[in-house]
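Asks: Input file: data13.cif. Contents: mmCIF, C-alpha atoms.
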```
data_start
loop_
_atom_site.label_atom_id
_atom_site.label_comp_id
_atom_site.auth_asym_id
_atom_site.auth_seq_id
_atom_site.Cartn_x
_atom_site.Cartn_y
_atom_site.Cartn_z
CA MET A 350 154.23 106.80 83.77
CA ASN A 351 156.91 104.35 84.43
CA THR A 352 156.34 102.42 87.66
CA CYS A 353 159.99 102.36 88.37
CA LEU A 354 160.17 106.11 88.10
CA TYR A 355 157.05 106.46 90.25
CA THR A 356 158.54 104.16 92.91
CA ASN A 357 161.78 106.15 92.83
CA TYR A 358 159.92 109.47 93.41
CA LEU A 359 157.88 107.88 96.17
CA SER A 360 161.04 106.58 97.85
CA GLN A 361 162.74 109.95 97.64
CA PHE A 362 159.66 111.70 98.98
CA SER A 363 159.37 109.24 101.86
CA PHE A 364 163.03 109.65 102.66
CA LEU A 365 162.75 113.45 102.68
CA LEU A 366 159.65 113.28 104.84
CA LEU A 367 161.36 111.04 107.38
CA LEU A 368 164.46 113.23 107.29
CA CYS A 369 162.37 116.32 108.10
CA LEU A 370 160.66 114.56 110.96
CA PHE A 371 163.84 113.36 112.64
CA LEU A 372 166.31 116.13 111.94
CA PRO A 373 166.42 118.86 114.55
CA LEU A 374 164.82 121.99 113.18
CA LYS A 375 166.06 125.39 114.05
CA ALA A 376 163.16 126.84 116.06
CA GLN A 377 162.45 130.51 116.56
CA ASN A 378 163.66 131.46 120.06
CA THR A 379 161.26 134.32 120.78
CA ALA A 380 157.82 135.50 119.86
CA ALA A 381 155.81 138.51 120.96
CA ALA A 382 152.23 139.57 121.40
CA GLN A 383 151.04 143.11 121.92
CA VAL A 384 148.52 143.67 124.71
CA ASN A 385 146.31 146.74 124.41
CA ILE A 386 144.31 148.07 127.33
CA THR A 387 141.60 150.58 126.61
CA LEU A 388 141.16 152.60 129.76
CA ALA A 389 138.28 154.99 130.12
CA PRO A 390 137.39 156.88 133.27
CA ILE A 391 134.23 155.78 135.03
CA LEU A 392 132.14 158.46 136.70
CA SER A 393 128.48 157.62 137.21
CA LEU A 394 125.74 158.25 139.71
CA GLU A 395 122.37 156.56 140.17
CA ILE A 396 119.48 157.33 142.52
CA SER A 397 117.47 154.25 143.49
CA GLN A 398 114.35 155.85 144.98
CA ALA A 399 113.02 158.45 142.56
CA THR A 400 110.31 159.59 144.98
CA VAL A 401 110.83 160.27 148.68
CA ASN A 402 107.93 161.05 151.01
CA ILE A 403 107.90 162.92 154.32
CA ASP A 404 104.58 162.86 156.15
CA MET A 405 103.35 165.89 158.06
CA SER A 406 99.97 164.62 159.20
CA LEU A 407 100.28 164.01 162.96
CA PRO A 408 100.48 166.57 165.77
CA SER A 409 103.80 165.06 166.92
CA GLN A 410 105.30 165.68 163.47
CA PHE A 411 104.55 169.41 163.78
CA THR A 412 106.24 169.59 167.20
CA GLN A 413 109.05 167.04 166.95
CA GLY A 414 109.76 167.05 163.24
CA SER A 415 109.34 164.33 160.67
CA SER A 416 111.52 162.36 158.31
CA SER A 417 111.39 159.99 155.42
CA SER A 418 112.15 156.37 155.99
CA LEU A 419 115.84 155.54 155.58
CA GLN A 420 116.43 155.41 151.83
CA THR A 421 118.71 152.36 151.71
CA ASP A 422 121.25 152.41 148.86
CA HIS A 423 119.68 155.68 147.71
CA ILE A 424 122.88 156.84 145.99
CA LYS A 425 125.04 154.48 143.92
CA VAL A 426 128.43 155.75 142.79
CA SER A 427 130.76 154.09 140.29
CA THR A 428 134.04 155.86 139.70
CA THR A 429 137.74 155.28 139.14
CA SER A 430 138.86 158.57 140.68
CA ALA A 431 138.27 160.81 143.67
CA TYR A 432 134.97 162.70 143.44
CA THR A 433 132.42 165.01 145.01
CA ILE A 434 128.65 164.76 144.97
CA SER A 435 126.69 167.95 145.23
CA VAL A 436 122.96 168.47 145.64
CA ASN A 437 120.61 171.26 144.64
CA THR A 438 116.88 171.66 144.10
CA SER A 439 115.14 172.76 140.95
CA THR A 440 113.29 175.54 142.82
CA ALA A 441 113.77 177.70 145.91
CA ASN A 442 110.25 176.95 147.12
CA PHE A 443 108.07 173.87 147.04
CA GLU A 444 105.35 173.66 144.41
CA LEU A 445 101.76 172.67 145.14
CA THR A 446 99.58 171.50 142.23
CA GLY A 447 102.09 172.93 139.75
CA SER A 448 102.27 176.41 141.31
CA SER A 449 105.09 177.88 143.38
CA THR A 450 104.42 178.42 147.08
CA THR A 451 106.17 180.41 149.80
CA LEU A 452 107.27 177.20 151.59
CA ALA A 453 111.08 177.20 151.24
CA VAL A 454 112.89 173.97 150.32
CA ASN A 455 115.52 174.79 152.96
CA THR A 456 113.11 173.44 155.60
CA VAL A 457 114.24 169.93 154.63
CA GLN A 458 117.58 168.51 155.73
CA LEU A 459 119.39 165.77 153.80
CA GLU A 460 121.88 163.45 155.47
CA VAL A 461 123.79 160.59 153.87
CA SER A 462 125.66 157.68 155.39
CA PRO A 463 127.84 155.04 153.77
CA ASN A 464 126.99 151.37 153.66
CA VAL A 465 130.70 150.67 154.15
CA PRO A 466 132.50 153.10 156.48
CA SER A 467 135.47 154.95 155.01
CA ASN A 468 138.11 157.27 156.44
CA VAL A 469 138.61 159.01 153.09
CA ILE A 470 135.01 160.12 152.50
CA THR A 471 133.46 163.16 154.19
CA TYR A 472 129.68 163.48 154.59
CA THR A 473 128.10 166.86 155.23
CA PRO A 474 124.41 167.18 156.12
CA ILE A 475 122.78 170.01 154.19
CA TYR A 476 119.50 171.84 153.98
CA LEU A 477 117.98 171.65 150.53
CA SER A 478 118.66 174.70 148.40
CA PRO A 479 118.65 175.71 144.73
CA THR A 480 122.35 176.47 145.26
CA SER A 481 124.56 173.42 144.75
CA GLU A 482 126.18 172.14 147.96
CA VAL A 483 128.66 169.28 148.41
CA ILE A 484 127.20 166.45 150.46
CA ILE A 485 129.86 163.76 149.77
CA ASP A 486 133.57 164.44 149.31
CA SER A 487 135.70 161.40 148.50
CA ASN A 488 139.47 161.31 148.25
CA ALA A 489 139.50 157.77 146.94
CA GLU A 490 138.28 155.94 143.91
CA THR A 491 135.17 153.88 144.52
CA VAL A 492 134.54 151.32 141.86
CA THR A 493 131.06 150.87 143.32
CA GLN A 494 129.78 152.37 146.57
CA THR A 495 126.27 152.95 147.85
CA PHE A 496 125.03 155.47 150.36
CA ASN A 497 121.87 155.64 152.43
CA ALA A 498 119.97 158.92 152.68
CA GLN A 499 117.40 160.43 154.97
CA TYR A 500 115.35 163.54 154.31
CA SER A 501 113.95 165.24 157.40
CA ILE A 502 112.10 168.30 158.64
CA PRO A 503 113.75 169.15 161.99
CA ASN A 504 111.52 170.40 164.80
CA ALA A 505 113.11 173.88 164.46
CA LYS A 506 111.60 174.13 160.93
CA THR A 507 108.15 172.61 161.53
CA HIS A 508 106.49 175.98 162.30
CA GLN A 509 106.92 176.85 158.61
CA TYR A 510 104.43 174.09 157.78
CA LEU A 511 101.63 175.61 159.88
CA ASN A 512 98.69 177.38 158.18
CA ARG A 513 99.43 175.79 154.79
CA ALA A 514 96.99 174.32 152.31
CA SER A 515 96.90 170.54 152.49
CA GLY A 516 98.36 168.68 149.54
CA ASN A 517 101.50 167.21 148.08
CA TYR A 518 104.32 169.79 148.09
CA LYS A 519 107.07 168.93 145.61
CA THR A 520 110.55 169.88 144.50
CA MET A 521 113.14 168.04 142.44
CA VAL A 522 116.45 167.21 144.14
CA VAL A 523 119.34 167.04 141.66
CA TYR A 524 122.51 165.09 142.49
CA THR A 525 125.70 165.84 140.53
CA ILE A 526 128.96 163.89 140.61
CA ALA A 527 132.24 165.54 139.59
CA PRO A 528 135.86 164.35 139.55
CA LYS A 529 138.27 166.04 141.92
#
```
Reformat the file's structure so that it appears as C-alpha coordinates.

Replies:
Amino acid sequence: MNTCLYTNYLSQFSFLLLLCLFLPLKAQNTAAAQVNITLAPILSLEISQATVNIDMSLPSQFTQGSSSSLQTDHIKVSTTSAYTISVNTSTANFELTGSSTTLAVNTVQLEVSPNVPSNVITYTPIYLSPTSEVIIDSNAETVTQTFNAQYSIPNAKTHQYLNRASGNYKTMVVYTIAPK
(Lines of atoms letter the chains of each structure in order from A and count residues from 1; the text may use other names and numbers.)
(Lines give C-alpha, C1' and ligand atoms only; values in the text may rest on other atoms or scores of the structure.)
Protein backbone atom coordinates (compact mmCIF):
# COMPACT_ATOMS: atom_id res chain seq x y z
CA MET A 1 0.00 0.00 0.00
CA ASN A 2 1.15 3.41 -0.80
CA THR A 3 2.28 5.33 2.29
CA CYS A 4 0.93 8.51 0.90
CA LEU A 5 -2.47 6.95 0.44
CA TYR A 6 -2.30 5.43 3.92
CA THR A 7 -1.38 8.82 5.43
CA ASN A 8 -4.25 10.44 3.53
CA TYR A 9 -6.79 7.91 4.90
CA LEU A 10 -5.38 8.32 8.38
CA SER A 11 -5.67 12.11 8.12
CA GLN A 12 -9.24 11.91 6.90
CA PHE A 13 -10.15 9.44 9.63
CA SER A 14 -8.56 11.63 12.30
CA PHE A 15 -10.35 14.67 10.96
CA LEU A 16 -13.72 12.87 10.99
CA LEU A 17 -13.08 11.59 14.49
CA LEU A 18 -12.26 15.07 15.78
CA LEU A 19 -15.26 16.50 13.94
CA CYS A 20 -17.57 13.98 15.64
CA LEU A 21 -16.14 14.78 19.03
CA PHE A 22 -16.54 18.53 18.76
CA LEU A 23 -19.70 18.95 16.73
CA PRO A 24 -22.88 19.14 18.75
CA LEU A 25 -24.85 15.95 18.36
CA LYS A 26 -28.56 15.90 18.28
CA ALA A 27 -29.43 14.02 21.49
CA GLN A 28 -32.65 12.18 22.16
CA ASN A 29 -34.81 14.39 24.41
CA THR A 30 -36.80 11.69 26.20
CA ALA A 31 -36.49 8.10 27.26
CA ALA A 32 -38.83 5.83 29.16
CA ALA A 33 -38.72 2.84 31.43
CA GLN A 34 -41.66 0.69 32.38
CA VAL A 35 -42.05 -0.14 36.06
CA ASN A 36 -44.02 -3.28 36.90
CA ILE A 37 -45.31 -3.98 40.38
CA THR A 38 -46.50 -7.46 41.15
CA LEU A 39 -49.00 -7.13 43.96
CA ALA A 40 -50.30 -10.18 45.74
CA PRO A 41 -52.53 -10.15 48.80
CA ILE A 42 -50.93 -11.28 52.03
CA LEU A 43 -53.09 -13.21 54.47
CA SER A 44 -51.24 -15.43 56.90
CA LEU A 45 -51.54 -16.61 60.46
CA GLU A 46 -49.01 -18.28 62.75
CA ILE A 47 -49.34 -19.70 66.26
CA SER A 48 -46.13 -19.50 68.28
CA GLN A 49 -46.92 -21.86 71.16
CA ALA A 50 -48.22 -25.13 69.76
CA THR A 51 -48.97 -26.54 73.21
CA VAL A 52 -50.71 -24.64 76.01
CA ASN A 53 -51.05 -26.08 79.51
CA ILE A 54 -53.58 -25.30 82.24
CA ASP A 55 -52.89 -26.96 85.57
CA MET A 56 -55.73 -28.25 87.73
CA SER A 57 -53.74 -29.78 90.58
CA LEU A 58 -54.25 -27.49 93.58
CA PRO A 59 -57.36 -27.05 95.74
CA SER A 60 -57.39 -23.31 94.95
CA GLN A 61 -57.57 -24.06 91.22
CA PHE A 62 -60.78 -26.06 91.75
CA THR A 63 -62.39 -23.19 93.69
CA GLN A 64 -60.94 -20.07 92.06
CA GLY A 65 -60.23 -21.31 88.56
CA SER A 66 -56.97 -21.73 86.73
CA SER A 67 -55.30 -20.36 83.64
CA SER A 68 -52.37 -20.86 81.37
CA SER A 69 -49.48 -18.48 81.58
CA LEU A 70 -49.85 -15.49 79.26
CA GLN A 71 -48.97 -16.78 75.79
CA THR A 72 -46.93 -13.81 74.57
CA ASP A 73 -47.09 -13.23 70.81
CA HIS A 74 -49.24 -16.37 70.56
CA ILE A 75 -50.91 -15.21 67.34
CA LYS A 76 -48.97 -13.55 64.52
CA VAL A 77 -50.96 -12.01 61.69
CA SER A 78 -49.58 -10.72 58.39
CA THR A 79 -52.13 -9.21 56.04
CA THR A 80 -52.69 -6.39 53.58
CA SER A 81 -56.44 -6.16 54.15
CA ALA A 82 -59.05 -6.12 56.90
CA TYR A 83 -59.61 -9.56 58.42
CA THR A 84 -61.25 -11.74 61.03
CA ILE A 85 -59.76 -14.56 63.06
CA SER A 86 -62.07 -17.28 64.22
CA VAL A 87 -61.42 -20.17 66.57
CA ASN A 88 -62.90 -23.63 66.90
CA THR A 89 -61.89 -26.94 68.46
CA SER A 90 -61.51 -30.25 66.72
CA THR A 91 -63.89 -31.94 69.18
CA ALA A 92 -66.80 -30.99 71.44
CA ASN A 93 -65.26 -32.81 74.39
CA PHE A 94 -61.72 -33.24 75.62
CA GLU A 95 -59.95 -36.52 74.90
CA LEU A 96 -58.04 -38.52 77.50
CA THR A 97 -55.51 -41.11 76.28
CA GLY A 98 -57.01 -40.96 72.79
CA SER A 99 -60.62 -41.53 73.87
CA SER A 100 -63.43 -38.98 74.02
CA THR A 101 -64.64 -37.94 77.47
CA THR A 102 -67.73 -36.12 78.73
CA LEU A 103 -65.64 -33.07 79.75
CA ALA A 104 -66.81 -30.30 77.39
CA VAL A 105 -64.25 -27.99 75.76
CA ASN A 106 -66.55 -25.04 76.51
CA THR A 107 -65.20 -25.07 80.08
CA VAL A 108 -62.14 -23.19 78.79
CA GLN A 109 -62.24 -19.50 77.96
CA LEU A 110 -59.86 -17.88 75.46
CA GLU A 111 -59.01 -14.19 75.59
CA VAL A 112 -56.64 -12.29 73.32
CA SER A 113 -55.01 -8.90 73.69
CA PRO A 114 -52.92 -6.90 71.25
CA ASN A 115 -49.28 -6.07 71.75
CA VAL A 116 -50.00 -2.68 70.18
CA PRO A 117 -53.41 -1.18 71.06
CA SER A 118 -55.69 -0.38 68.15
CA ASN A 119 -59.05 1.37 67.83
CA VAL A 120 -59.94 -0.57 64.68
CA ILE A 121 -59.59 -4.10 66.10
CA THR A 122 -62.27 -5.75 68.24
CA TYR A 123 -61.41 -8.61 70.62
CA THR A 124 -64.11 -10.94 71.88
CA PRO A 125 -63.41 -13.48 74.63
CA ILE A 126 -64.94 -16.85 73.78
CA TYR A 127 -65.45 -20.25 75.32
CA LEU A 128 -63.89 -23.00 73.26
CA SER A 129 -66.34 -24.77 70.99
CA PRO A 130 -66.32 -26.96 67.87
CA THR A 131 -68.37 -24.17 66.28
CA SER A 132 -66.21 -21.44 64.77
CA GLU A 133 -66.40 -18.11 66.63
CA VAL A 134 -64.75 -14.79 65.77
CA ILE A 135 -62.22 -13.75 68.39
CA ILE A 136 -60.49 -10.90 66.46
CA ASP A 137 -62.22 -8.55 64.04
CA SER A 138 -59.97 -6.02 62.32
CA ASN A 139 -61.07 -3.20 60.07
CA ALA A 140 -57.54 -2.33 59.08
CA GLU A 141 -54.69 -3.96 57.27
CA THR A 142 -51.94 -5.20 59.55
CA VAL A 143 -48.73 -5.89 57.75
CA THR A 144 -47.53 -7.69 60.89
CA GLN A 145 -49.31 -7.74 64.25
CA THR A 146 -48.99 -10.07 67.21
CA PHE A 147 -51.51 -10.88 69.90
CA ASN A 148 -51.14 -12.39 73.34
CA ALA A 149 -53.55 -15.11 74.45
CA GLN A 150 -54.64 -16.62 77.71
CA TYR A 151 -56.63 -19.83 78.16
CA SER A 152 -58.49 -20.13 81.45
CA ILE A 153 -60.97 -22.24 83.38
CA PRO A 154 -63.14 -19.71 85.25
CA ASN A 155 -64.26 -20.60 88.78
CA ALA A 156 -67.86 -21.00 87.51
CA LYS A 157 -66.68 -23.96 85.35
CA THR A 158 -64.31 -25.70 87.79
CA HIS A 159 -67.01 -28.01 89.21
CA GLN A 160 -67.00 -29.81 85.84
CA TYR A 161 -63.46 -30.99 86.61
CA LEU A 162 -64.44 -32.77 89.82
CA ASN A 163 -64.64 -36.59 89.93
CA ARG A 164 -62.57 -36.99 86.75
CA ALA A 165 -59.79 -39.44 86.04
CA SER A 166 -56.38 -37.85 86.38
CA GLY A 167 -54.42 -37.36 83.18
CA ASN A 168 -53.76 -35.02 80.31
CA TYR A 169 -57.04 -33.93 78.70
CA LYS A 170 -56.54 -32.63 75.15
CA THR A 171 -58.27 -30.89 72.30
CA MET A 172 -56.93 -29.11 69.23
CA VAL A 173 -57.72 -25.39 68.89
CA VAL A 174 -57.89 -24.28 65.25
CA TYR A 175 -57.39 -20.62 64.29
CA THR A 176 -58.63 -19.42 60.90
CA ILE A 177 -57.96 -16.05 59.26
CA ALA A 178 -60.29 -14.70 56.56
CA PRO A 179 -60.40 -11.43 54.61
CA LYS A 180 -63.35 -9.14 55.23

Asks: With the file shown as input, list the residues that the PyMOL selection byres ((chain A and resi 504-515) around 10) selects, as number ranges by chain.

Replies: A: 405-406, 409-415, 445, 450-453, 455-458, 501-503, 516-518

Asks: Would you mind listing what lies within 9 Å of region 473-477 of chain A as a list in words, with all atoms listed in the file counted and same-chain residues fewer than 3 positions away left out?

Replies: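 Listing them by chain and then by number gives Val436, Asn437, Thr438, Ala441, Ala453, Val454, Asn455, Thr456, Val457, Gln458, Leu459, Glu460, Val461, Thr480, Ser481, Glu482, Val483, Ile484, Ile485, Asp486 and Val522 of chain A.
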
Asks: So the first atom is CA of Lys519 (chain A) and the second is CA of Pro463 (chain A); what is the distance between them in Å, to one decimal place?

Replies: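 Calculated distance between CA of Lys519 (chain A) and CA of Pro463 (chain A) is 26.3 Å.
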
Asks: List the neighbours of Thr440 (chain A) out to 8 Å using all atoms listed in the file; skip same-chain residues closer than 3 positions along the sequence, and give me the result as a ChimeraX atom specification.

Replies: /A:443,454,478-479,520-521

Asks: So how far away is CA of Ile424 (chain A) from CA of Asp404 (chain A), in Å?

Replies: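 So the two atoms, CA of Asp404 (chain A) and CA of Ile424 (chain A), lie 21.8 Å apart.
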
Asks: Please enumerate the residues selected by the PyMOL selection byres ((chain A and resi 496) around 8) when evaluated against the supplied file, formatted as a list of chain:residue names.

Replies: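 What the PyMOL selection byres ((chain A and resi 496) around 8) grabs from the file is A:Thr421, A:Asp422, A:His423, A:Ile424, A:Lys425, A:Val461, A:Ser462, A:Pro463, A:Asn464, A:Gln494, A:Thr495, A:Asn497, A:Ala498.
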
Asks: Would you kindly return, as a PDB file with C-alpha atoms, keeping the file's coordinate frame, each protein, DNA or RNA residue with an atom no farther than 10 Å from any atom of Ile470 (chain A), considering only C-alpha atoms and excluding same-chain residues fewer than 4 positions away?

Replies:
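Just written: part29.pdb:
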```pdb
ATOM      1  CA  ALA A 431     138.270 160.810 143.670  1.00  0.00           C
ATOM      2  CA  TYR A 432     134.970 162.700 143.440  1.00  0.00           C
ATOM      3  CA  THR A 433     132.420 165.010 145.010  1.00  0.00           C
ATOM      4  CA  PRO A 463     127.840 155.040 153.770  1.00  0.00           C
ATOM      5  CA  PRO A 466     132.500 153.100 156.480  1.00  0.00           C
ATOM      6  CA  ILE A 485     129.860 163.760 149.770  1.00  0.00           C
ATOM      7  CA  ASP A 486     133.570 164.440 149.310  1.00  0.00           C
ATOM      8  CA  SER A 487     135.700 161.400 148.500  1.00  0.00           C
ATOM      9  CA  ASN A 488     139.470 161.310 148.250  1.00  0.00           C
ATOM     10  CA  ALA A 489     139.500 157.770 146.940  1.00  0.00           C
TER      11      ALA A 489
END
```

Asks: With only C-alpha atoms counted, which protein, DNA or RNA residues have an atom no more than 9 Å from (138.5, 156.6, 138.5) in the file frame? Please answer as a PyMOL selection string.

Replies: chain A and resi 389-392+427-432+489-492+528

Asks: CA of Tyr500 (chain A) and CA of Ser417 (chain A), how far apart in Å?

Replies: 5.4 Å

Asks: Of the candidates A:Thr525, A:Leu388, A:Thr446, A:Ser435, which shows the shortest atom-to-atom distance to Tyr472 (chain A), using only C-alpha atoms?

Replies: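 Closest to Tyr472 (chain A), using only C-alpha atoms: A:Ser435.
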
Asks: Check what the PyMOL selection byres ((chain A and resi 395) around 8) selects in the file above and give those residues as a VMD selection string.

Replies: chain A and resid 393 to 394 396 to 397 424 to 426
